[in-house]
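Containing CSV, C-alpha atoms: final.csv.
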chain,number,residue,atom,x,y,z
A,135,MET,CA,-20.3,-10.3,23.1
A,136,SER,CA,-21.0,-7.5,25.5
A,137,ARG,CA,-18.3,-6.1,27.7
A,138,GLN,CA,-19.1,-5.4,31.4
A,139,SER,CA,-16.9,-2.8,32.8
A,140,ASN,CA,-17.0,-4.2,36.3
A,141,ARG,CA,-16.2,-7.9,36.2
A,142,THR,CA,-16.1,-9.7,39.5
A,143,THR,CA,-12.6,-10.3,40.8
A,144,ASP,CA,-13.3,-14.1,40.7
A,145,SER,CA,-13.8,-14.2,37.0
A,146,LYS,CA,-10.8,-11.9,36.5
A,147,LYS,CA,-8.6,-14.3,38.4
A,148,MET,CA,-9.8,-17.2,36.3
A,149,ASN,CA,-9.0,-15.4,33.1
A,150,ALA,CA,-5.6,-14.6,34.4
A,151,GLU,CA,-4.7,-18.3,34.9
A,152,LEU,CA,-5.9,-19.1,31.4
A,153,PHE,CA,-4.0,-16.2,30.1
A,154,THR,CA,-0.8,-17.3,31.8
A,155,LEU,CA,-1.3,-20.8,30.5
A,156,THR,CA,-1.9,-19.6,27.0
A,157,TYR,CA,1.1,-17.4,27.0
A,158,GLY,CA,3.2,-20.2,28.4
A,159,ALA,CA,2.1,-22.5,25.7
A,160,LEU,CA,2.8,-19.9,23.1
A,161,VAL,CA,6.4,-19.3,24.3
A,162,THR,CA,7.2,-23.0,24.6
A,163,GLN,CA,5.9,-23.7,21.2
A,164,LEU,CA,8.0,-20.9,19.7
A,165,CYS,CA,11.0,-22.3,21.5
A,166,LYS,CA,10.4,-25.7,20.0
A,167,ASP,CA,9.8,-24.2,16.5
A,168,TYR,CA,12.8,-21.8,16.4
A,169,GLU,CA,15.2,-23.5,18.8
A,170,ASN,CA,17.0,-20.2,19.2
A,171,ASP,CA,16.4,-17.8,22.0
A,172,GLU,CA,17.2,-14.7,20.1
A,173,GLU,CA,14.9,-15.7,17.3
A,174,VAL,CA,12.1,-16.3,19.8
A,175,ASN,CA,12.7,-13.0,21.4
A,176,LYS,CA,12.3,-11.3,18.0
A,177,GLN,CA,9.1,-13.2,17.3
A,178,LEU,CA,7.6,-12.3,20.6
A,179,ASP,CA,8.5,-8.7,19.9
A,180,LYS,CA,6.8,-8.9,16.5
A,181,MET,CA,3.7,-10.5,17.9
A,182,GLY,CA,3.6,-7.9,20.7
A,183,TYR,CA,3.9,-5.2,18.1
A,184,ASN,CA,0.8,-6.5,16.2
A,185,ILE,CA,-1.1,-6.7,19.4
A,186,GLY,CA,0.0,-3.2,20.4
A,187,VAL,CA,-1.2,-1.5,17.2
A,188,ARG,CA,-4.7,-2.8,17.8
A,189,LEU,CA,-4.7,-2.5,21.6
A,190,ILE,CA,-4.1,1.2,21.4
A,191,GLU,CA,-7.5,1.8,19.7
A,192,ASP,CA,-9.2,-0.3,22.3
A,193,PHE,CA,-7.4,1.6,25.0
A,194,LEU,CA,-8.2,5.0,23.5
A,195,ALA,CA,-11.9,4.1,23.0
A,196,ARG,CA,-12.3,2.8,26.5
A,197,SER,CA,-10.3,5.2,28.6
A,198,SER,CA,-11.0,8.5,26.7
A,199,VAL,CA,-7.5,9.7,27.6
A,200,GLY,CA,-6.5,12.7,25.4
A,201,ARG,CA,-3.2,13.2,23.7
A,202,CYS,CA,-0.3,13.3,26.2
A,203,GLN,CA,1.6,16.6,26.3
A,204,ASP,CA,5.0,15.1,27.1
A,205,PHE,CA,6.8,11.9,27.7
A,206,ARG,CA,6.3,12.1,31.5
A,207,GLU,CA,2.5,12.2,31.0
A,208,THR,CA,2.8,9.3,28.6
A,209,ALA,CA,4.7,7.3,31.3
A,210,ASP,CA,2.1,8.1,33.9
A,211,VAL,CA,-0.8,7.1,31.6
A,212,ILE,CA,1.0,3.8,30.7
A,213,ALA,CA,1.7,2.9,34.2
A,214,LYS,CA,-1.5,4.0,35.9
A,215,VAL,CA,-4.1,3.5,33.3
A,216,ALA,CA,-3.0,1.1,30.7
A,217,PHE,CA,-1.2,-1.5,32.8
A,218,LYS,CA,-4.0,-1.4,35.3
A,219,MET,CA,-6.7,-1.8,32.6
A,220,TYR,CA,-5.1,-4.7,30.9
A,221,LEU,CA,-2.9,-6.6,33.3
A,222,GLY,CA,-4.4,-5.4,36.6
A,223,ILE,CA,-1.1,-4.3,37.9
A,224,THR,CA,0.3,-0.8,38.5
A,225,PRO,CA,4.0,-0.5,37.9
A,226,SER,CA,5.9,2.4,39.3
A,227,VAL,CA,7.7,4.9,37.1
A,228,THR,CA,11.3,5.6,38.2
A,229,ASN,CA,14.8,6.2,37.1
A,230,TRP,CA,14.2,9.1,34.8
A,231,SER,CA,17.2,10.0,32.8
A,232,PRO,CA,18.5,13.6,33.2
A,233,ALA,CA,17.2,14.5,29.7
A,234,GLY,CA,13.8,13.1,30.6
A,235,ASP,CA,13.6,10.8,27.7
A,236,GLU,CA,14.1,7.5,29.4
A,237,PHE,CA,12.4,5.9,32.4
A,238,SER,CA,11.9,2.5,34.0
A,239,LEU,CA,8.7,0.7,34.8
A,240,ILE,CA,9.2,-1.4,37.9
A,241,LEU,CA,6.7,-4.3,38.0
A,242,GLU,CA,6.3,-6.0,41.4
A,243,SER,CA,4.4,-8.8,39.8
A,244,ASN,CA,4.0,-9.9,36.3
A,245,PRO,CA,0.9,-12.0,35.5
A,246,LEU,CA,2.6,-13.5,32.5
A,247,VAL,CA,5.2,-15.3,34.5
A,248,ASP,CA,3.1,-16.7,37.3
A,249,PHE,CA,4.7,-20.1,38.2
A,250,VAL,CA,7.2,-19.9,35.4
A,251,GLU,CA,10.9,-21.0,35.9
A,252,LEU,CA,13.4,-20.5,33.2
A,253,PRO,CA,15.5,-23.6,32.6
A,254,ASP,CA,19.2,-23.1,32.2
A,255,ASN,CA,19.3,-23.8,28.5
A,256,HIS,CA,17.1,-20.8,27.8
A,257,SER,CA,19.1,-18.3,29.7
A,258,SER,CA,18.9,-15.6,27.1
A,259,LEU,CA,15.2,-15.9,26.5
A,260,VAL,CA,13.3,-12.8,27.4
A,261,TYR,CA,10.1,-14.5,28.4
A,262,SER,CA,7.9,-11.4,28.6
A,263,ASN,CA,9.2,-9.8,25.5
A,264,LEU,CA,5.7,-9.6,24.2
A,265,LEU,CA,5.1,-6.7,26.5
A,266,CYS,CA,7.9,-4.8,24.9
A,267,GLY,CA,6.4,-5.3,21.5
A,268,VAL,CA,3.0,-4.2,22.7
A,269,LEU,CA,4.3,-1.0,24.2
A,270,ARG,CA,6.3,-0.2,21.1
A,271,GLY,CA,3.4,-0.9,18.7
A,272,ALA,CA,0.9,1.0,20.7
A,273,LEU,CA,3.0,4.1,21.0
A,274,GLU,CA,3.9,4.0,17.4
A,275,MET,CA,0.3,4.3,16.5
A,276,VAL,CA,0.2,7.6,18.4
A,277,GLN,CA,3.2,8.9,16.6
A,278,MET,CA,5.9,8.1,19.2
A,279,ALA,CA,8.9,6.0,18.4
A,280,VAL,CA,10.2,4.3,21.5
A,281,GLU,CA,12.7,1.6,22.3
A,282,VAL,CA,11.5,-0.8,25.0
A,283,LYS,CA,13.5,-3.6,26.7
A,284,PHE,CA,13.7,-5.5,29.9
A,285,SER,CA,16.6,-4.5,32.1
A,286,GLN,CA,15.8,-6.7,35.0
A,287,ASP,CA,13.8,-9.9,35.1
A,288,THR,CA,12.6,-11.9,38.0
A,289,LEU,CA,13.0,-15.0,35.9
A,290,ARG,CA,16.7,-14.4,35.6
A,291,GLY,CA,17.1,-14.0,39.3
A,292,ASP,CA,16.6,-10.2,39.8
A,293,ASN,CA,14.3,-8.9,42.6
A,294,VAL,CA,12.0,-7.0,40.4
A,295,THR,CA,11.1,-6.9,36.7
A,296,GLU,CA,12.2,-3.6,35.1
A,297,ILE,CA,11.2,-2.4,31.7
A,298,ARG,CA,13.3,0.4,30.3
A,299,MET,CA,11.6,2.7,27.9
A,300,LYS,CA,13.5,5.2,25.8
A,301,PHE,CA,11.9,7.9,23.7
A,302,ILE,CA,13.4,8.1,20.2
A,303,LYS,CA,11.4,10.6,18.3
A,304,ARG,CA,8.0,12.0,17.5
A,305,MET,CA,6.9,10.7,14.1
A,306,GLU,CA,5.8,13.8,12.4
A,307,GLU,CA,5.0,12.3,9.0
A,308,ASN,CA,2.1,10.2,10.3
A,309,LEU,CA,0.5,12.9,12.4
A,310,PRO,CA,-3.2,13.2,11.8
A,311,ALA,CA,-4.3,16.5,10.6
A,312,GLY,CA,-4.8,19.0,13.3
A,313,ASP,CA,-2.2,17.9,15.8
A,314,GLU,CA,1.1,19.7,15.8
B,287,MET,CA,-34.4,7.9,10.1
B,288,ALA,CA,-32.2,10.3,12.0
B,289,ILE,CA,-28.9,8.8,11.2
B,290,PHE,CA,-28.3,8.7,7.5
B,291,SER,CA,-24.9,7.1,7.1
B,292,VAL,CA,-21.8,6.1,8.8
B,293,TYR,CA,-18.4,6.2,7.2
B,294,ALA,CA,-14.9,5.4,8.4
B,295,VAL,CA,-11.7,6.7,6.8
B,296,ASN,CA,-8.3,5.6,7.7
B,297,LYS,CA,-5.2,7.6,8.5
B,298,SER,CA,-4.1,8.0,4.9
B,299,GLY,CA,-7.5,9.0,3.6
B,300,GLY,CA,-8.5,5.6,2.4
B,301,PHE,CA,-12.1,4.5,2.7
B,302,ILE,CA,-12.6,1.7,5.2
B,303,TYR,CA,-16.3,1.4,5.9
B,304,GLN,CA,-19.7,2.8,5.0
B,305,TYR,CA,-23.2,2.1,6.0
B,306,ASP,CA,-26.3,3.8,4.6
B,307,ASN,CA,-29.6,4.0,6.3
B,308,TYR,CA,-31.7,6.3,4.3
B,309,VAL,CA,-34.7,5.8,2.1
B,310,HIS,CA,-34.6,7.4,-1.3
B,311,ARG,CA,-37.4,9.9,-1.1
B,312,ALA,CA,-37.1,11.6,-4.4
B,313,GLU,CA,-38.3,8.9,-6.8
B,314,ALA,CA,-41.1,9.2,-9.4
B,315,GLU,CA,-42.6,6.5,-11.6
B,316,LYS,CA,-44.6,7.4,-14.6
B,317,THR,CA,-46.1,5.7,-17.6
B,318,PHE,CA,-44.9,7.1,-20.9
B,319,ARG,CA,-46.1,6.9,-24.4
B,320,TYR,CA,-44.0,7.3,-27.5
B,321,PRO,CA,-42.2,9.7,-28.0
B,322,LEU,CA,-40.6,10.3,-24.7
B,323,ASP,CA,-40.7,14.0,-23.8
B,324,CYS,CA,-37.7,14.0,-21.5
B,325,VAL,CA,-34.4,14.4,-23.0
B,326,LEU,CA,-32.0,11.8,-21.7
B,327,LYS,CA,-28.3,11.6,-21.9
B,328,ILE,CA,-25.6,9.2,-20.6
B,329,HIS,CA,-23.6,10.5,-17.7
B,330,ASP,CA,-21.1,8.5,-15.7
B,331,GLU,CA,-22.5,5.2,-17.1
B,332,LYS,CA,-26.0,6.1,-16.0
B,333,VAL,CA,-28.9,7.4,-18.0
B,334,VAL,CA,-30.0,10.8,-16.6
B,335,VAL,CA,-32.5,13.4,-17.4
B,336,SER,CA,-31.0,16.4,-19.0
B,337,PHE,CA,-34.1,18.3,-20.1
B,338,GLY,CA,-37.8,18.0,-19.5
B,339,GLN,CA,-38.4,18.4,-15.8
B,340,ARG,CA,-42.0,17.8,-14.7
B,341,ASP,CA,-44.2,15.9,-12.4
B,342,GLY,CA,-41.6,15.0,-9.9
B,343,ILE,CA,-39.0,14.1,-12.5
B,344,ARG,CA,-36.1,16.5,-12.1
B,345,VAL,CA,-33.1,17.3,-14.2
B,346,GLY,CA,-30.3,15.1,-13.0
B,347,ASN,CA,-32.5,12.2,-11.9
B,348,ALA,CA,-31.3,8.9,-13.1
B,349,LEU,CA,-33.4,6.3,-14.8
B,350,LEU,CA,-33.7,3.6,-12.1
B,351,SER,CA,-36.0,1.0,-13.6
B,352,ILE,CA,-38.1,0.3,-16.6
B,353,ASN,CA,-41.4,-1.6,-16.1
B,354,GLY,CA,-40.3,-2.6,-12.7
B,355,LEU,CA,-37.0,-4.1,-13.7
B,356,ASP,CA,-33.9,-2.3,-12.3
B,357,VAL,CA,-31.6,-1.1,-15.0
B,358,ASN,CA,-27.9,-1.9,-15.1
B,359,GLY,CA,-26.0,1.3,-15.8
B,360,LYS,CA,-27.0,2.2,-19.3
B,361,PHE,CA,-28.4,-1.2,-20.2
B,362,THR,CA,-31.8,-2.6,-19.3
B,363,ALA,CA,-32.0,-5.7,-17.1
B,364,ASP,CA,-31.9,-8.0,-20.1
B,365,GLY,CA,-28.9,-6.2,-21.7
B,366,LYS,CA,-30.4,-3.9,-24.2
B,367,GLU,CA,-29.0,-0.3,-24.5
B,368,ILE,CA,-31.6,2.0,-22.9
B,369,ILE,CA,-31.4,4.8,-25.3
B,370,GLU,CA,-31.9,2.5,-28.2
B,371,TYR,CA,-34.7,0.8,-26.4
B,372,LEU,CA,-36.5,4.0,-25.8
B,373,LYS,CA,-36.3,5.1,-29.4
B,374,ASP,CA,-38.3,2.1,-30.5
B,375,SER,CA,-41.9,2.9,-30.5
B,376,THR,CA,-43.0,-0.7,-30.3
B,377,ASN,CA,-41.8,-0.9,-26.7
B,378,TYR,CA,-44.2,1.8,-25.5
B,379,PRO,CA,-46.2,2.4,-23.4
B,380,LEU,CA,-43.9,1.6,-20.6
B,381,SER,CA,-43.4,2.8,-17.0
B,382,ILE,CA,-40.1,4.3,-16.0
B,383,LEU,CA,-38.9,5.1,-12.5
B,384,PHE,CA,-36.7,8.2,-12.2
B,385,GLY,CA,-35.0,9.2,-9.0
B,386,ARG,CA,-31.8,10.4,-7.4
B,387,ALA,CA,-29.0,8.1,-8.6
B,388,ARG,CA,-27.8,5.7,-5.9
B,389,LEU,CA,-24.1,6.0,-5.4
B,390,SER,CA,-22.0,2.9,-6.0
B,391,SER,CA,-19.3,2.3,-3.5
B,392,ASN,CA,-16.7,3.6,-5.8
B,393,GLU,CA,-18.5,6.8,-6.0
B,394,LYS,CA,-18.8,7.1,-2.3
B,395,LEU,CA,-15.1,6.7,-2.0
B,396,MET,CA,-14.4,10.0,-3.7
B,397,PRO,CA,-16.4,12.2,-1.3
B,398,ALA,CA,-14.9,10.4,1.6
B,399,SER,CA,-11.4,10.9,0.5
B,400,MET,CA,-12.2,14.5,-0.4
B,401,PHE,CA,-13.5,15.0,3.1
B,402,HIS,CA,-10.2,13.7,4.5
B,403,SER,CA,-8.3,16.4,2.5
B,404,LEU,CA,-10.8,19.1,3.6
B,405,PHE,CA,-10.4,18.0,7.1
B,406,ALA,CA,-6.6,18.6,6.9
B,407,ILE,CA,-7.0,21.9,5.2
B,408,GLY,CA,-9.6,22.9,7.8
B,409,SER,CA,-7.1,22.5,10.6
B,410,GLN,CA,-4.6,24.6,8.8
B,411,LEU,CA,-7.0,27.4,7.9
B,412,SER,CA,-8.0,27.9,11.5
B,413,PRO,CA,-7.1,31.2,13.1
B,414,GLU,CA,-6.5,29.4,16.4
B,415,VAL,CA,-3.3,27.6,16.9
B,416,GLY,CA,-3.6,23.9,17.5
B,417,SER,CA,-7.2,23.3,16.5
B,418,THR,CA,-8.4,20.1,15.2
B,419,GLY,CA,-9.9,19.6,11.8
B,420,ILE,CA,-13.6,19.9,10.8
B,421,GLU,CA,-15.8,18.5,13.5
B,422,MET,CA,-19.2,19.4,12.1
B,423,LEU,CA,-20.6,20.5,8.8
B,424,GLU,CA,-24.1,21.7,8.8
B,425,THR,CA,-26.5,22.1,5.9
B,426,ASP,CA,-30.2,22.5,5.8
B,427,MET,CA,-30.8,18.8,5.0
B,428,PHE,CA,-28.2,17.1,7.1
B,429,LYS,CA,-25.4,17.5,9.6
B,430,ARG,CA,-22.1,15.8,9.1
B,431,HIS,CA,-20.1,15.0,12.2
B,432,CYS,CA,-16.5,13.8,12.2
B,433,PHE,CA,-14.5,12.4,15.0
B,434,GLN,CA,-10.8,11.8,14.6
B,435,THR,CA,-9.1,9.4,16.9
B,436,LEU,CA,-5.5,9.9,18.2
B,437,THR,CA,-4.5,7.2,15.7
B,438,GLY,CA,-5.8,9.0,12.7
B,439,ILE,CA,-9.0,7.1,12.0
B,440,LYS,CA,-11.9,9.4,11.1
B,441,LEU,CA,-15.4,8.3,11.9
B,442,ILE,CA,-18.0,10.3,10.0
B,443,VAL,CA,-21.7,10.3,10.7
B,444,LEU,CA,-24.4,12.0,8.6
B,445,THR,CA,-27.5,12.8,10.6
B,446,ASP,CA,-30.7,14.7,10.6
B,447,PRO,CA,-30.0,18.3,11.6
B,448,ARG,CA,-32.1,18.0,14.7
B,449,GLN,CA,-30.4,14.9,16.0
B,450,SER,CA,-28.5,15.3,19.3
B,451,GLY,CA,-26.2,13.0,21.2
B,452,ILE,CA,-23.9,12.5,18.3
B,453,ASP,CA,-20.7,12.8,20.3
B,454,GLU,CA,-21.7,9.8,22.4
B,455,LEU,CA,-22.7,7.9,19.2
B,456,LEU,CA,-19.2,8.6,17.8
B,457,ARG,CA,-17.5,7.3,20.9
B,458,LYS,CA,-19.7,4.2,20.9
B,459,ILE,CA,-18.9,3.6,17.2
B,460,TYR,CA,-15.2,3.9,18.1
B,461,GLU,CA,-15.6,1.3,20.8
B,462,ILE,CA,-17.4,-1.0,18.5
B,463,TYR,CA,-14.7,-0.5,15.8
B,464,SER,CA,-12.0,-1.2,18.3
B,465,ASP,CA,-13.8,-4.4,19.3
B,466,PHE,CA,-15.1,-6.0,16.2
B,467,ALA,CA,-12.6,-4.8,13.7
B,468,LEU,CA,-9.4,-4.9,15.7
B,469,LYS,CA,-10.0,-8.0,17.8
B,470,ASN,CA,-10.4,-10.0,14.6
B,471,PRO,CA,-6.9,-11.1,13.9
B,472,PHE,CA,-7.6,-11.6,10.2
B,473,TYR,CA,-8.5,-8.0,9.7
B,474,SER,CA,-5.6,-6.0,8.4
B,475,LEU,CA,-5.5,-2.5,9.8
B,476,ALA,CA,-6.5,0.3,7.5
B,477,MET,CA,-8.0,-2.1,5.0
B,478,PRO,CA,-11.7,-1.8,4.0
B,479,ILE,CA,-14.0,-3.6,6.4
B,480,ARG,CA,-16.1,-6.2,4.7
B,481,SER,CA,-19.2,-7.0,6.7
B,482,PRO,CA,-22.2,-9.0,5.6
B,483,GLY,CA,-25.2,-6.9,4.9
B,484,CYS,CA,-23.3,-3.8,3.8
If you took the structure in this file and wrote it as structure tokens, what would it be?
Amino acid sequence: MSRQSNRTTDSKKMNAELFTLTYGALVTQLCKDYENDEEVNKQLDKMGYNIGVRLIEDFLARSSVGRCQDFRETADVIAKVAFKMYLGITPSVTNWSPAGDEFSLILESNPLVDFVELPDNHSSLVYSNLLCGVLRGALEMVQMAVEVKFSQDTLRGDNVTEIRMKFIKRMEENLPAGDE
Amino acid sequence: MAIFSVYAVNKSGGFIYQYDNYVHRAEAEKTFRYPLDCVLKIHDEKVVVSFGQRDGIRVGNALLSINGLDVNGKFTADGKEIIEYLKDSTNYPLSILFGRARLSSNEKLMPASMFHSLFAIGSQLSPEVGSTGIEMLETDMFKRHCFQTLTGIKLIVLTDPRQSGIDELLRKIYEIYSDFALKNPFYSLAMPIRSPGC
């Protein structure tokens, strides 16, 4: 299974459709199984977390990005490199809090929710909650504890999708030797 | 045979993976008559030479096989205790293969974990602030390269001293690790990697 770094855009588009379908099947099955939107949100977050802890290694191996010096750099790397690499979109980084520990990622388009419409009985479902888990899991593996949630969602009627990321703390106890 | 072995150690110092690619060069097989002129002793569940170095058999070499049959620790292939077997003159003449003891995977675990600790100490001993741990250890017989990822996994490669291009090799190994180990959903992170043929 060799990876080609420059896939044609055609094959990328096809993979995206299958990806959207797969994700959709996953969410609907979870809804059927749990019948409770909050529980589904939690499960999506957990699944995302498991994806995130593995994805980070793949990301680091492929992008050879070094350790980020501060949270701003982290935000830039997430938006410009990571999202581009995995979802093919480049969200913008805005709404920095005065303390510099919170920011928003504004996604113009979200490949997970192509053609998806939330029905009324699932109004509190955060459809793309997997992404929150992924970001949380990935950053935890590089010793950053963050809180990630959706503050705006196109599926709920907002104009854009906004992910709010808050830096909680640096996890010093898991630091690999040599990084301070 | 420029790359001797590859090891992977996880964040907490636990051994994840090892692969060896070297031929044991220091082996000597000889035919012996009674009585045996090497003094043998049991050390770590293996029979080793403690006195009587000659003809390529060195002190510390372990007894690897008798008459072509590999021994099993301190017992022969058919379950007899080696020391007793060698005291019986009716078993002679026999040919014994001595060589450097091959390390079991448990024994490899210890040096790997020790290296993890040394790596941590190395970064603290450094006079420069903010240096990483040990990247390369060089001896006259081999070079030991270590690459630590941002997530704490250490990839260690033992190579011939003249081998170059190890940095790229380490990056490539990291890519392969992230592919094959991580993309397998049944693989738990930081657990030993079981792979057929290792």
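The interatomic distance for the pair CA of Asp453 in chain B and CA of Val187 in chain A works out to 24.4 Å.
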Original post:
What is the CA of Ser351 in chain B to CA of Leu322 in chain B distance in Å?
Top reply: 15.2 Å
**OP:** May I have the residues of chain B within 10 Å of chain A, counting all atoms listed in the file, written as a PyMOL selection string?
**Re:** chain B and resi 297-298+402-410+412+415-420+434-440+457-471+474-475
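Pairwise distance (CA of Leu160 in chain A, CA of Ser243 in chain A) equals 20.1 Å.
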Original post:
Which of these residues is nearest to Val260 in chain A, using all atoms listed in the file: A:Ile223, A:Asn175, A:Asp292, A:Ala213?
Top reply: A:Asn175
Subject >> Residues near Ala288 in chain B, cut-off 12 Å, all atoms listed in the file, skip fewer than 6 positions along chain, as an MDAnalysis selection string >> reply: chainID B and resid 306:309 427:430 443:452
**OP:** Find the residues around Asp374 in chain B up to 10 Å (all atoms listed in the file counted), leave out those fewer than 5 positions away in its own chain, and share them as a ChimeraX atom specification.
**Re:** /B:320-321,369
**OP:** For Glu172 in chain A, list every protein, DNA or RNA residue within 10 Å, evaluated using all atoms listed in the file, and leave out those in the same chain fewer than 6 positions away; present the list as a list in words.
**Re:** Cys165, Leu178, His256, Ser258, Leu259 and Val260 of chain A
Would you be able to write out as a compact mmCIF listing (two decimals) with C-alpha atoms, in the coordinates of the input which residues have an atom within 9 Å of (-29.6, 11.8, -11.8) in the file's coordinates, counting all atoms listed in the file?
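point-v5.txt was written with the following content:
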# COMPACT_ATOMS: atom_id res chain seq x y z
CA HIS B 329 -23.60 10.50 -17.70
CA LYS B 332 -26.00 6.10 -16.00
CA VAL B 333 -28.90 7.40 -18.00
CA VAL B 334 -30.00 10.80 -16.60
CA VAL B 335 -32.50 13.40 -17.40
CA SER B 336 -31.00 16.40 -19.00
CA ARG B 344 -36.10 16.50 -12.10
CA VAL B 345 -33.10 17.30 -14.20
CA GLY B 346 -30.30 15.10 -13.00
CA ASN B 347 -32.50 12.20 -11.90
CA ALA B 348 -31.30 8.90 -13.10
CA LEU B 349 -33.40 6.30 -14.80
CA PHE B 384 -36.70 8.20 -12.20
CA GLY B 385 -35.00 9.20 -9.00
CA ARG B 386 -31.80 10.40 -7.40
CA ALA B 387 -29.00 8.10 -8.60
CA ARG B 388 -27.80 5.70 -5.90
Original post:
List as a PyMOL selection string: which residues have an atom within 7 Å of (-0.6, -7.8, 30.6), counting only C-alpha atoms?
Top reply: chain A and resi 217+220-221+245-246
